[in-house]
$ cat model.cif   # mmCIF, C-alpha atoms
data_my_file
#
loop_
_atom_site.label_atom_id
_atom_site.label_comp_id
_atom_site.auth_asym_id
_atom_site.auth_seq_id
_atom_site.Cartn_x
_atom_site.Cartn_y
_atom_site.Cartn_z
CA MET A 1 31.78 -11.27 25.67
CA ASN A 2 29.76 -8.06 25.49
CA VAL A 3 26.78 -8.68 23.19
CA LEU A 4 24.27 -6.22 21.69
CA VAL A 5 21.07 -7.68 20.21
CA GLY A 6 18.76 -5.57 18.03
CA LEU A 7 15.01 -6.29 17.86
CA GLY A 8 12.71 -4.92 15.16
CA GLY A 9 9.44 -6.35 16.47
CA SER A 10 8.90 -9.38 14.19
CA ASP A 11 8.50 -13.04 15.18
CA GLU A 12 12.12 -13.47 14.10
CA SER A 13 13.05 -10.83 16.71
CA VAL A 14 11.49 -12.95 19.45
CA LYS A 15 13.30 -16.06 18.21
CA THR A 16 16.56 -14.10 18.06
CA LEU A 17 16.12 -12.87 21.64
CA ARG A 18 15.27 -16.35 22.95
CA GLN A 19 18.37 -17.86 21.35
CA THR A 20 20.55 -15.01 22.56
CA ILE A 21 19.22 -15.40 26.12
CA ASP A 22 20.01 -19.14 26.02
CA ARG A 23 23.53 -18.40 24.79
CA THR A 24 24.02 -15.70 27.41
CA GLN A 25 23.06 -18.14 30.15
CA ASP A 26 25.34 -20.87 28.77
CA VAL A 27 28.48 -18.76 28.51
CA GLY A 28 27.88 -15.83 30.86
CA ASP A 29 27.93 -13.05 28.23
CA ASP A 30 27.01 -9.47 29.10
CA LEU A 31 23.84 -8.61 27.20
CA THR A 32 22.32 -5.37 25.97
CA VAL A 33 18.92 -5.58 24.25
CA ALA A 34 18.05 -2.70 21.90
CA VAL A 35 14.42 -2.34 20.80
CA LEU A 36 14.28 -0.51 17.48
CA GLU A 37 11.73 1.85 16.00
CA LYS A 38 10.20 0.02 13.04
CA PRO A 39 6.60 1.15 12.49
CA GLU A 40 5.77 -1.50 9.84
CA SER A 41 6.51 -4.35 12.28
CA LYS A 42 4.01 -6.79 13.74
CA ARG A 43 4.75 -5.46 17.25
CA SER A 44 5.05 -1.78 18.10
CA GLN A 45 8.25 -0.62 19.78
CA GLY A 46 6.38 -0.49 23.11
CA GLU A 47 4.99 -4.01 22.70
CA MET A 48 8.40 -5.39 21.72
CA TYR A 49 9.96 -3.66 24.74
CA GLU A 50 7.39 -5.22 27.11
CA GLU A 51 7.84 -8.68 25.56
CA ALA A 52 11.63 -8.44 25.75
CA ASP A 53 11.39 -7.30 29.37
CA SER A 54 9.24 -10.29 30.35
CA LEU A 55 11.41 -12.79 28.41
CA LEU A 56 14.50 -11.48 30.22
CA SER A 57 12.76 -11.59 33.60
CA GLU A 58 11.47 -15.13 33.04
CA ALA A 59 14.98 -16.28 32.16
CA GLY A 60 16.44 -14.41 35.13
CA VAL A 61 18.92 -12.64 32.85
CA ASP A 62 20.21 -9.27 34.01
CA ALA A 63 20.47 -7.32 30.75
CA ASP A 64 20.40 -3.65 29.77
CA LEU A 65 17.17 -2.97 27.90
CA VAL A 66 17.08 0.18 25.76
CA ARG A 67 14.85 1.81 23.16
CA LEU A 68 16.57 3.29 20.12
CA GLU A 69 14.74 5.97 18.15
CA GLY A 70 15.17 6.78 14.46
CA ASP A 71 16.21 4.69 11.48
CA PRO A 72 16.61 1.17 12.92
CA GLY A 73 19.78 0.07 11.09
CA SER A 74 21.59 3.34 11.69
CA ALA A 75 20.48 3.61 15.33
CA LEU A 76 21.69 0.08 16.09
CA VAL A 77 25.09 0.61 14.47
CA ASP A 78 25.49 3.95 16.28
CA HIS A 79 24.74 2.27 19.58
CA ALA A 80 27.23 -0.49 18.80
CA GLU A 81 29.91 2.10 18.03
CA GLN A 82 29.34 3.98 21.29
CA GLY A 83 29.58 0.91 23.53
CA GLU A 84 32.32 -1.63 24.08
CA PHE A 85 30.57 -4.43 22.24
CA ASP A 86 32.21 -7.54 20.82
CA GLN A 87 29.27 -8.80 18.85
CA LEU A 88 26.04 -7.51 17.37
CA VAL A 89 23.15 -9.98 16.96
CA ILE A 90 20.13 -9.58 14.66
CA GLY A 91 17.52 -11.84 13.08
CA GLY A 92 18.96 -13.54 10.01
CA GLY A 93 16.24 -13.35 7.42
CA THR A 94 12.67 -14.38 6.75
CA LEU A 95 11.49 -17.18 4.47
CA SER A 96 9.43 -16.42 1.36
CA PRO A 97 6.48 -18.71 0.42
CA MET A 98 8.92 -20.50 -1.90
CA GLY A 99 11.36 -21.05 0.96
CA LYS A 100 13.89 -18.43 -0.18
CA ILE A 101 15.79 -16.70 2.59
CA GLN A 102 15.33 -12.96 2.35
CA LEU A 103 17.59 -10.46 4.07
CA GLY A 104 16.02 -7.01 4.33
CA PRO A 105 17.57 -3.57 3.97
CA ILE A 106 18.17 -3.21 7.73
CA THR A 107 20.15 -6.46 7.81
CA GLU A 108 22.19 -5.29 4.86
CA PHE A 109 22.91 -1.91 6.46
CA VAL A 110 24.00 -3.53 9.73
CA LEU A 111 26.22 -6.12 8.01
CA LEU A 112 27.98 -3.49 5.93
CA ASN A 113 28.31 -0.78 8.59
CA ALA A 114 28.72 -2.49 11.96
CA PRO A 115 32.12 -2.07 13.64
CA THR A 116 31.85 -5.52 15.25
CA THR A 117 31.24 -9.10 14.26
CA VAL A 118 27.57 -9.55 13.33
CA LYS A 119 25.64 -12.72 14.10
CA LEU A 120 22.52 -13.57 12.06
CA VAL A 121 20.13 -15.86 13.95
CA ARG A 122 18.03 -18.32 11.92
CA MET B 1 3.61 -12.00 3.82
CA GLY B 2 0.54 -10.38 2.40
CA ARG B 3 2.17 -6.93 2.29
CA ALA B 4 1.26 -4.90 -0.76
CA ARG B 5 3.76 -5.09 -3.61
CA LEU B 6 3.90 -2.77 -6.58
CA TYR B 7 3.00 -4.13 -10.01
CA PRO B 8 3.41 -2.63 -13.47
CA ASP B 9 0.25 -0.85 -14.67
CA GLU B 10 0.49 -2.46 -18.09
CA PRO B 11 -0.14 -6.21 -18.31
CA SER B 12 2.36 -8.41 -20.18
CA GLY B 13 1.50 -11.18 -22.64
CA PRO B 14 0.23 -13.15 -24.34
CA PHE B 15 2.60 -15.97 -23.48
CA PRO B 16 2.63 -19.48 -25.00
CA SER B 17 0.84 -22.28 -23.14
CA PRO B 18 2.23 -25.74 -22.53
CA PRO B 19 2.59 -28.39 -23.84
CA SER B 20 5.21 -27.42 -26.42
CA THR B 21 8.32 -28.91 -27.92
CA ILE B 22 11.07 -26.42 -28.58
CA GLU B 23 14.56 -26.82 -30.05
CA ASP B 24 17.24 -25.24 -27.89
CA ARG B 25 20.35 -23.48 -29.22
CA GLU B 26 22.28 -26.76 -29.00
CA GLY B 27 19.75 -28.45 -31.32
CA ARG B 28 18.17 -30.52 -28.52
CA ASP B 29 14.43 -31.17 -28.50
CA ILE B 30 13.00 -30.02 -25.19
CA GLU B 31 9.44 -30.83 -24.19
CA ILE B 32 7.68 -28.38 -21.90
CA ARG B 33 4.70 -29.73 -20.00
CA ALA B 34 2.46 -28.60 -17.15
CA PRO B 35 1.62 -31.48 -14.81
CA GLY B 36 -1.81 -31.29 -13.18
CA GLN B 37 -0.07 -31.84 -9.85
CA LEU B 38 3.62 -31.63 -9.07
CA THR B 39 3.24 -34.92 -7.19
CA THR B 40 2.75 -36.72 -10.56
CA ASP B 41 6.34 -35.92 -11.56
CA LEU B 42 7.77 -35.56 -8.08
CA ASP B 43 10.41 -38.32 -8.28
CA ALA B 44 11.80 -37.01 -11.58
CA VAL B 45 11.88 -33.43 -10.27
CA VAL B 46 13.61 -34.53 -7.05
CA GLU B 47 16.17 -36.31 -9.26
CA MET B 48 16.81 -33.09 -11.20
CA TYR B 49 17.40 -31.05 -8.04
CA ASP B 50 19.64 -33.81 -6.69
CA GLN B 51 21.88 -33.27 -9.76
CA PHE B 52 21.74 -29.48 -9.45
CA ASP B 53 25.15 -27.88 -8.82
CA PRO B 54 24.96 -26.32 -5.32
CA THR B 55 27.14 -23.39 -6.45
CA ASP B 56 24.11 -22.17 -8.44
CA ARG B 57 21.80 -22.14 -5.43
CA ALA B 58 19.99 -18.90 -4.68
CA GLN B 59 18.85 -17.70 -1.26
CA GLY B 60 18.96 -21.20 0.21
CA ILE B 61 17.06 -23.07 -2.51
CA PRO B 62 17.14 -25.70 -3.77
CA PRO B 63 18.28 -27.47 -0.60
CA THR B 64 20.87 -30.23 -0.97
CA GLY B 65 20.37 -33.93 -0.32
CA GLU B 66 17.45 -35.99 -1.60
CA ASP B 67 15.48 -35.96 1.68
CA ARG B 68 15.67 -32.20 2.10
CA ILE B 69 14.82 -31.64 -1.58
CA ARG B 70 11.77 -33.94 -1.33
CA ASN B 71 10.66 -32.28 1.88
CA TRP B 72 10.97 -28.80 0.32
CA LEU B 73 9.00 -29.80 -2.81
CA GLU B 74 6.31 -31.61 -0.82
CA THR B 75 5.82 -28.52 1.33
CA ILE B 76 5.07 -26.35 -1.72
CA ALA B 77 3.61 -29.05 -4.03
CA ASP B 78 -0.09 -28.95 -3.22
CA GLU B 79 -1.04 -25.46 -4.29
CA SER B 80 1.84 -24.65 -6.64
CA VAL B 81 1.60 -24.14 -10.41
CA ASN B 82 4.40 -25.87 -12.32
CA VAL B 83 5.98 -26.33 -15.72
CA ILE B 84 8.63 -28.95 -16.32
CA ALA B 85 11.13 -29.29 -19.20
CA HIS B 86 12.02 -32.81 -20.31
CA HIS B 87 14.80 -34.08 -22.57
CA LYS B 88 15.60 -37.55 -23.81
CA PRO B 89 19.40 -37.85 -23.80
CA ASN B 90 20.97 -38.79 -27.16
CA GLY B 91 21.35 -42.46 -27.93
CA ASP B 92 18.84 -43.36 -25.24
CA VAL B 93 16.06 -44.29 -27.67
CA ASP B 94 14.02 -46.48 -25.35
CA GLY B 95 14.81 -44.63 -22.15
CA ASP B 96 12.60 -42.26 -20.24
CA THR B 97 12.97 -38.54 -20.60
CA GLU B 98 14.83 -36.68 -17.90
CA VAL B 99 13.65 -33.53 -16.17
CA ILE B 100 16.20 -30.83 -17.01
CA ALA B 101 14.44 -27.68 -15.81
CA HIS B 102 11.55 -26.68 -13.54
CA ALA B 103 9.70 -23.43 -12.99
CA MET B 104 6.96 -22.84 -10.44
CA LEU B 105 4.62 -20.38 -8.84
CA VAL B 106 3.82 -20.64 -5.13
CA PRO B 107 0.84 -18.77 -3.64
CA ASP B 108 1.65 -16.01 -1.15
CA ALA B 109 -1.24 -16.80 1.19
CA ASP B 110 -1.54 -17.95 4.78
CA ASP B 111 -4.17 -20.55 3.83
CA PRO B 112 -3.59 -21.49 0.17
CA ALA B 113 -6.33 -24.15 0.27
CA ALA B 114 -8.92 -21.40 0.83
CA ILE B 115 -8.07 -19.49 -2.36
CA GLU B 116 -11.20 -18.92 -4.43
CA ASN B 117 -9.74 -17.03 -7.37
CA ASN B 118 -6.11 -17.26 -8.38
CA SER B 119 -6.30 -13.58 -9.30
CA ASP B 120 -7.01 -12.64 -5.67
CA ILE B 121 -3.50 -13.38 -4.48
CA GLU B 122 0.13 -12.86 -5.44
CA TRP B 123 2.34 -15.72 -6.64
CA GLU B 124 6.08 -16.13 -6.08
CA LEU B 125 8.10 -17.42 -9.02
CA ALA B 126 11.27 -19.50 -9.15
CA ILE B 127 13.01 -21.23 -12.05
CA PHE B 128 15.92 -23.67 -12.13
CA VAL B 129 17.72 -25.05 -15.20
CA LEU B 130 20.20 -27.93 -14.84
CA GLN B 131 23.76 -26.74 -15.50
CA ASP B 132 24.31 -28.79 -18.73
CA TYR B 133 21.23 -27.11 -20.22
CA GLN B 134 21.94 -23.51 -19.25
CA GLN B 135 22.71 -20.78 -21.80
CA ALA B 136 20.71 -22.56 -24.51
CA GLY B 137 17.55 -20.46 -24.36
CA ILE B 138 15.61 -23.04 -22.32
CA GLY B 139 15.08 -20.72 -19.35
CA THR B 140 13.42 -18.07 -21.52
CA HIS B 141 11.09 -20.63 -23.13
CA LEU B 142 10.25 -22.24 -19.80
CA LEU B 143 9.59 -18.88 -18.14
CA LYS B 144 7.26 -17.79 -20.96
CA HIS B 145 5.37 -21.10 -20.80
CA LEU B 146 4.99 -20.79 -17.03
CA LEU B 147 3.51 -17.30 -17.47
CA GLY B 148 1.25 -18.59 -20.26
CA HIS B 149 0.05 -21.42 -18.07
CA ALA B 150 -0.41 -19.01 -15.15
CA SER B 151 -2.55 -16.74 -17.29
CA ASP B 152 -4.62 -19.79 -18.36
CA VAL B 153 -5.44 -20.56 -14.73
CA GLY B 154 -6.35 -16.95 -13.89
CA ILE B 155 -3.17 -15.76 -12.18
CA GLU B 156 -2.55 -12.03 -12.63
CA ARG B 157 0.17 -10.96 -10.19
CA VAL B 158 3.57 -12.66 -10.08
CA TRP B 159 6.67 -11.56 -8.16
CA LEU B 160 10.14 -12.89 -7.47
CA THR B 161 13.37 -11.97 -5.78
CA VAL B 162 16.74 -12.35 -7.42
CA GLU B 163 20.20 -11.71 -6.03
CA ARG B 164 21.10 -8.16 -7.00
CA TRP B 165 24.38 -9.16 -8.64
CA ASN B 166 22.76 -11.85 -10.82
CA ASN B 167 22.63 -9.76 -13.98
CA PRO B 168 21.89 -12.59 -16.45
CA ALA B 169 18.81 -13.59 -14.45
CA ILE B 170 17.62 -9.99 -14.06
CA ALA B 171 18.02 -9.47 -17.83
CA LEU B 172 15.98 -12.63 -18.51
CA TYR B 173 13.16 -11.46 -16.24
CA GLU B 174 13.16 -7.99 -17.82
CA ARG B 175 12.94 -9.48 -21.32
CA VAL B 176 9.61 -11.13 -20.55
CA GLY B 177 8.17 -8.05 -18.84
CA PHE B 178 9.20 -8.08 -15.16
CA GLU B 179 9.99 -4.71 -13.63
CA ALA B 180 11.98 -3.88 -10.49
CA SER B 181 9.73 -3.28 -7.49
CA GLY B 182 10.13 -2.83 -3.76
CA THR B 183 13.14 -1.85 -1.75
CA GLU B 184 16.60 -2.79 -2.84
CA SER B 185 18.69 -4.90 -0.54
CA PHE B 186 20.69 -8.04 -1.27
CA GLU B 187 17.72 -9.25 -3.26
CA GLN B 188 16.09 -7.33 -6.06
CA GLU B 189 12.32 -7.75 -6.00
CA MET B 190 10.63 -7.81 -9.42
CA SER B 191 7.01 -8.12 -10.50
CA ILE B 192 4.82 -8.63 -13.58
CA ARG B 193 1.11 -8.24 -14.27
CA LEU B 194 -0.40 -10.85 -16.62
CA GLU B 195 -3.17 -10.32 -19.16
#
$ encode --input "model.cif" --output "structure tokens"
Amino acid sequence: MNVLVGLGGSDESVKTLRQTIDRTQDVGDDLTVAVLEKPESKRSQGEMYEEADSLLSEAGVDADLVRLEGDPGSALVDHAEQGEFDQLVIGGGTLSPMGKIQLGPITEFVLLNAPTTVKLVR
Amino acid sequence: MGRARLYPDEPSGPFPSPPSTIEDREGRDIEIRAPGQLTTDLDAVVEMYDQFDPTDRAQGIPPTGEDRIRNWLETIADESVNVIAHHKPNGDVDGDTEVIAHAMLVPDADDPAAIENNSDIEWELAIFVLQDYQQAGIGTHLLKHLLGHASDVGIERVWLTVERWNNPAIALYERVGFEASGTESFEQEMSIRLE
């Protein structure tokens, strides 16, 4: 399967990438990692790119690593439409202090607009 | 967490403080109390959530199964502010009251134990009413008493998220003074400033 994972730069992004790498190794998927432009994130786009690069190297996974500029939800869906992807993977929500799962506006945009199956990683 | 949320300029209130006994629209006497610590009433509250119909869950809470419910409540118990509604079922003269609704505020802070003033931080609200007691006005009373109790302990900023399609809940929150805030996605964020 040809998988595209989108990373916004949060801790959930790192967890999502780790799980996707594990899955890729288990089943031999083709992986593209897209680092999104999301200025309010904990990690800058550059920092997320570096971290993704080292996680992929450590795991010995040969993936395409790209930076996508512009609105993160829209840029990710555009990229998914241009490639031959079977699945799009993103982080599946943060937990509020109360323990409520919260899906942000980017998640909503991707779920509603993606041409492929979308996987939310918890 | 800790990101700045928008709050209404005008404070809302005053709200009633617990304890109170109210009569719901079905003529049932409902006692509203604020336990000093949630742990005092923990077993009865766990019991209530164990009876809660999972189809009414919102954004993953309450969890299902007694162990997961207890674990969830214990995680938020220590620093939370709670009001609990009790009812003694008819014909059960000698029996204990049952918990039929629960509303709480949980501090939005990385280290809740280090909070000096409750007004320094923002508090997340949630409210649950057992299905047999819904649509009887209990939620409105309980919500007002939670906000009254919150004001008594110095809390000023309260926020919540509610599923965007849950119009009855949004209308309830608007009635007591909550206003829509933040970006719209699946969840509508709402906030209130207390007197």
$ closest_atom_pairs --input "model.cif" --of "chain B" --to "chain A" --cutoff "9 Å" --atoms "only C-alpha atoms" --output "CSV"
residue,atom,partner,partner_atom,distance
B:Met1,CA,A:Ser96,CA,7.7
B:Ala58,CA,A:Lys100,CA,7.6
B:Gln59,CA,A:Ile101,CA,5.0
B:Gly60,CA,A:Lys100,CA,5.8
B:Ile61,CA,A:Lys100,CA,6.1
B:Pro62,CA,A:Lys100,CA,8.7
B:Trp72,CA,A:Gly99,CA,7.8
B:Ile76,CA,A:Met98,CA,7.0
B:Leu105,CA,A:Met98,CA,8.2
B:Val106,CA,A:Met98,CA,6.0
B:Pro107,CA,A:Pro97,CA,6.9
B:Asp108,CA,A:Pro97,CA,5.8
B:Ala109,CA,A:Pro97,CA,8.0
B:Trp123,CA,A:Pro97,CA,8.7
B:Glu124,CA,A:Met98,CA,6.7
B:Leu125,CA,A:Met98,CA,7.8
B:Ala126,CA,A:Met98,CA,7.7
B:Thr161,CA,A:Gln102,CA,8.4
B:Thr183,CA,A:Pro105,CA,7.4
B:Glu184,CA,A:Pro105,CA,6.9
B:Ser185,CA,A:Pro105,CA,4.8
B:Phe186,CA,A:Leu103,CA,6.6
B:Glu187,CA,A:Gln102,CA,7.1
$ atom_distance --input "model.cif" --atom1 "CA of Ile69 in chain B" --atom2 "CA of Val46 in chain B"
6.3 Å
$ closest_residue --input "model.cif" --among "A:Val27, A:Met48, A:Ala34, A:Leu112" --to "Pro72 in chain A" --atoms "all atoms listed in the file"
A:Ala34
$ resolve_selection --input "model.cif" --expression "the PyMOL selection byres ((chain B and resi 133-143) around 9)" --output "ChimeraX atom specification"
/B:16,22-26,30,32,83-85,100-103,127-132,144-148,172-173,175-176
$ residues_around --input "model.cif" --residues "range 43-46 of chain A" --least-positions-apart "5" --cutoff "12 Å" --atoms "all atoms listed in the file" --output "ChimeraX atom specification"
/A:6-14,34-38,51-53,66-70,72
$ residues_around --input "model.cif" --residues "range 77-84 of chain A" --least-positions-apart "5" --cutoff "8 Å" --atoms "only C-alpha atoms" --output "MDAnalysis selection string"
chainID A and resid 2 4 110 113:116
$ resolve_selection --input "model.cif" --expression "the PyMOL selection byres ((chain B and resi 159) around 9)" --output "ChimeraX atom specification"
/B:5,7,122-125,157-158,160-161,178,181,189-193
$ atom_distance --input "model.cif" --atom1 "CA of Met1 in chain A" --atom2 "CA of Asp29 in chain A"
5.0 Å
$ atom_distance --input "model.cif" --atom1 "CA of Asn118 in chain B" --atom2 "CA of Ala77 in chain B"
15.9 Å
$ closest_residue --input "model.cif" --among "B:Glu47, B:Pro54, B:Trp165, B:Glu79" --to "Asp111 in chain B" --atoms "only C-alpha atoms"
B:Glu79
$ decode --input "model.cif" --residues "range 154-165 of chain B" --atoms "N, CA and C atoms" --output "PDB file, in the first residue's frame"
ATOM      1  N   GLY B 154     -13.565  31.151  43.814  1.00  0.00           N
ATOM      2  CA  GLY B 154     -12.663  32.087  43.150  1.00  0.00           C
ATOM      3  C   GLY B 154     -12.362  31.799  41.693  1.00  0.00           C
ATOM      4  N   ILE B 155     -13.112  30.878  41.091  1.00  0.00           N
ATOM      5  CA  ILE B 155     -12.891  30.583  39.664  1.00  0.00           C
ATOM      6  C   ILE B 155     -13.566  31.664  38.815  1.00  0.00           C
ATOM      7  N   GLU B 156     -12.842  32.135  37.798  1.00  0.00           N
ATOM      8  CA  GLU B 156     -13.397  33.196  36.942  1.00  0.00           C
ATOM      9  C   GLU B 156     -13.610  32.762  35.493  1.00  0.00           C
ATOM     10  N   ARG B 157     -12.719  31.896  34.994  1.00  0.00           N
ATOM     11  CA  ARG B 157     -12.780  31.555  33.566  1.00  0.00           C
ATOM     12  C   ARG B 157     -13.077  30.074  33.376  1.00  0.00           C
ATOM     13  N   VAL B 158     -14.181  29.793  32.687  1.00  0.00           N
ATOM     14  CA  VAL B 158     -14.634  28.419  32.469  1.00  0.00           C
ATOM     15  C   VAL B 158     -14.895  28.219  30.974  1.00  0.00           C
ATOM     16  N   TRP B 159     -14.427  27.086  30.443  1.00  0.00           N
ATOM     17  CA  TRP B 159     -14.654  26.795  29.020  1.00  0.00           C
ATOM     18  C   TRP B 159     -15.105  25.351  28.871  1.00  0.00           C
ATOM     19  N   LEU B 160     -15.610  25.049  27.702  1.00  0.00           N
ATOM     20  CA  LEU B 160     -16.034  23.675  27.416  1.00  0.00           C
ATOM     21  C   LEU B 160     -15.996  23.471  25.915  1.00  0.00           C
ATOM     22  N   THR B 161     -16.054  22.227  25.502  1.00  0.00           N
ATOM     23  CA  THR B 161     -16.328  21.942  24.092  1.00  0.00           C
ATOM     24  C   THR B 161     -17.565  21.061  24.029  1.00  0.00           C
ATOM     25  N   VAL B 162     -18.332  21.274  22.978  1.00  0.00           N
ATOM     26  CA  VAL B 162     -19.560  20.503  22.790  1.00  0.00           C
ATOM     27  C   VAL B 162     -19.637  20.155  21.310  1.00  0.00           C
ATOM     28  N   GLU B 163     -20.130  18.955  21.015  1.00  0.00           N
ATOM     29  CA  GLU B 163     -20.245  18.562  19.614  1.00  0.00           C
ATOM     30  C   GLU B 163     -21.159  19.558  18.895  1.00  0.00           C
ATOM     31  N   ARG B 164     -20.719  19.977  17.706  1.00  0.00           N
ATOM     32  CA  ARG B 164     -21.349  21.110  17.024  1.00  0.00           C
ATOM     33  C   ARG B 164     -22.824  20.865  16.710  1.00  0.00           C
ATOM     34  N   TRP B 165     -23.183  19.578  16.577  1.00  0.00           N
ATOM     35  CA  TRP B 165     -24.561  19.259  16.196  1.00  0.00           C
ATOM     36  C   TRP B 165     -25.454  19.071  17.431  1.00  0.00           C
TER      37      TRP B 165
END
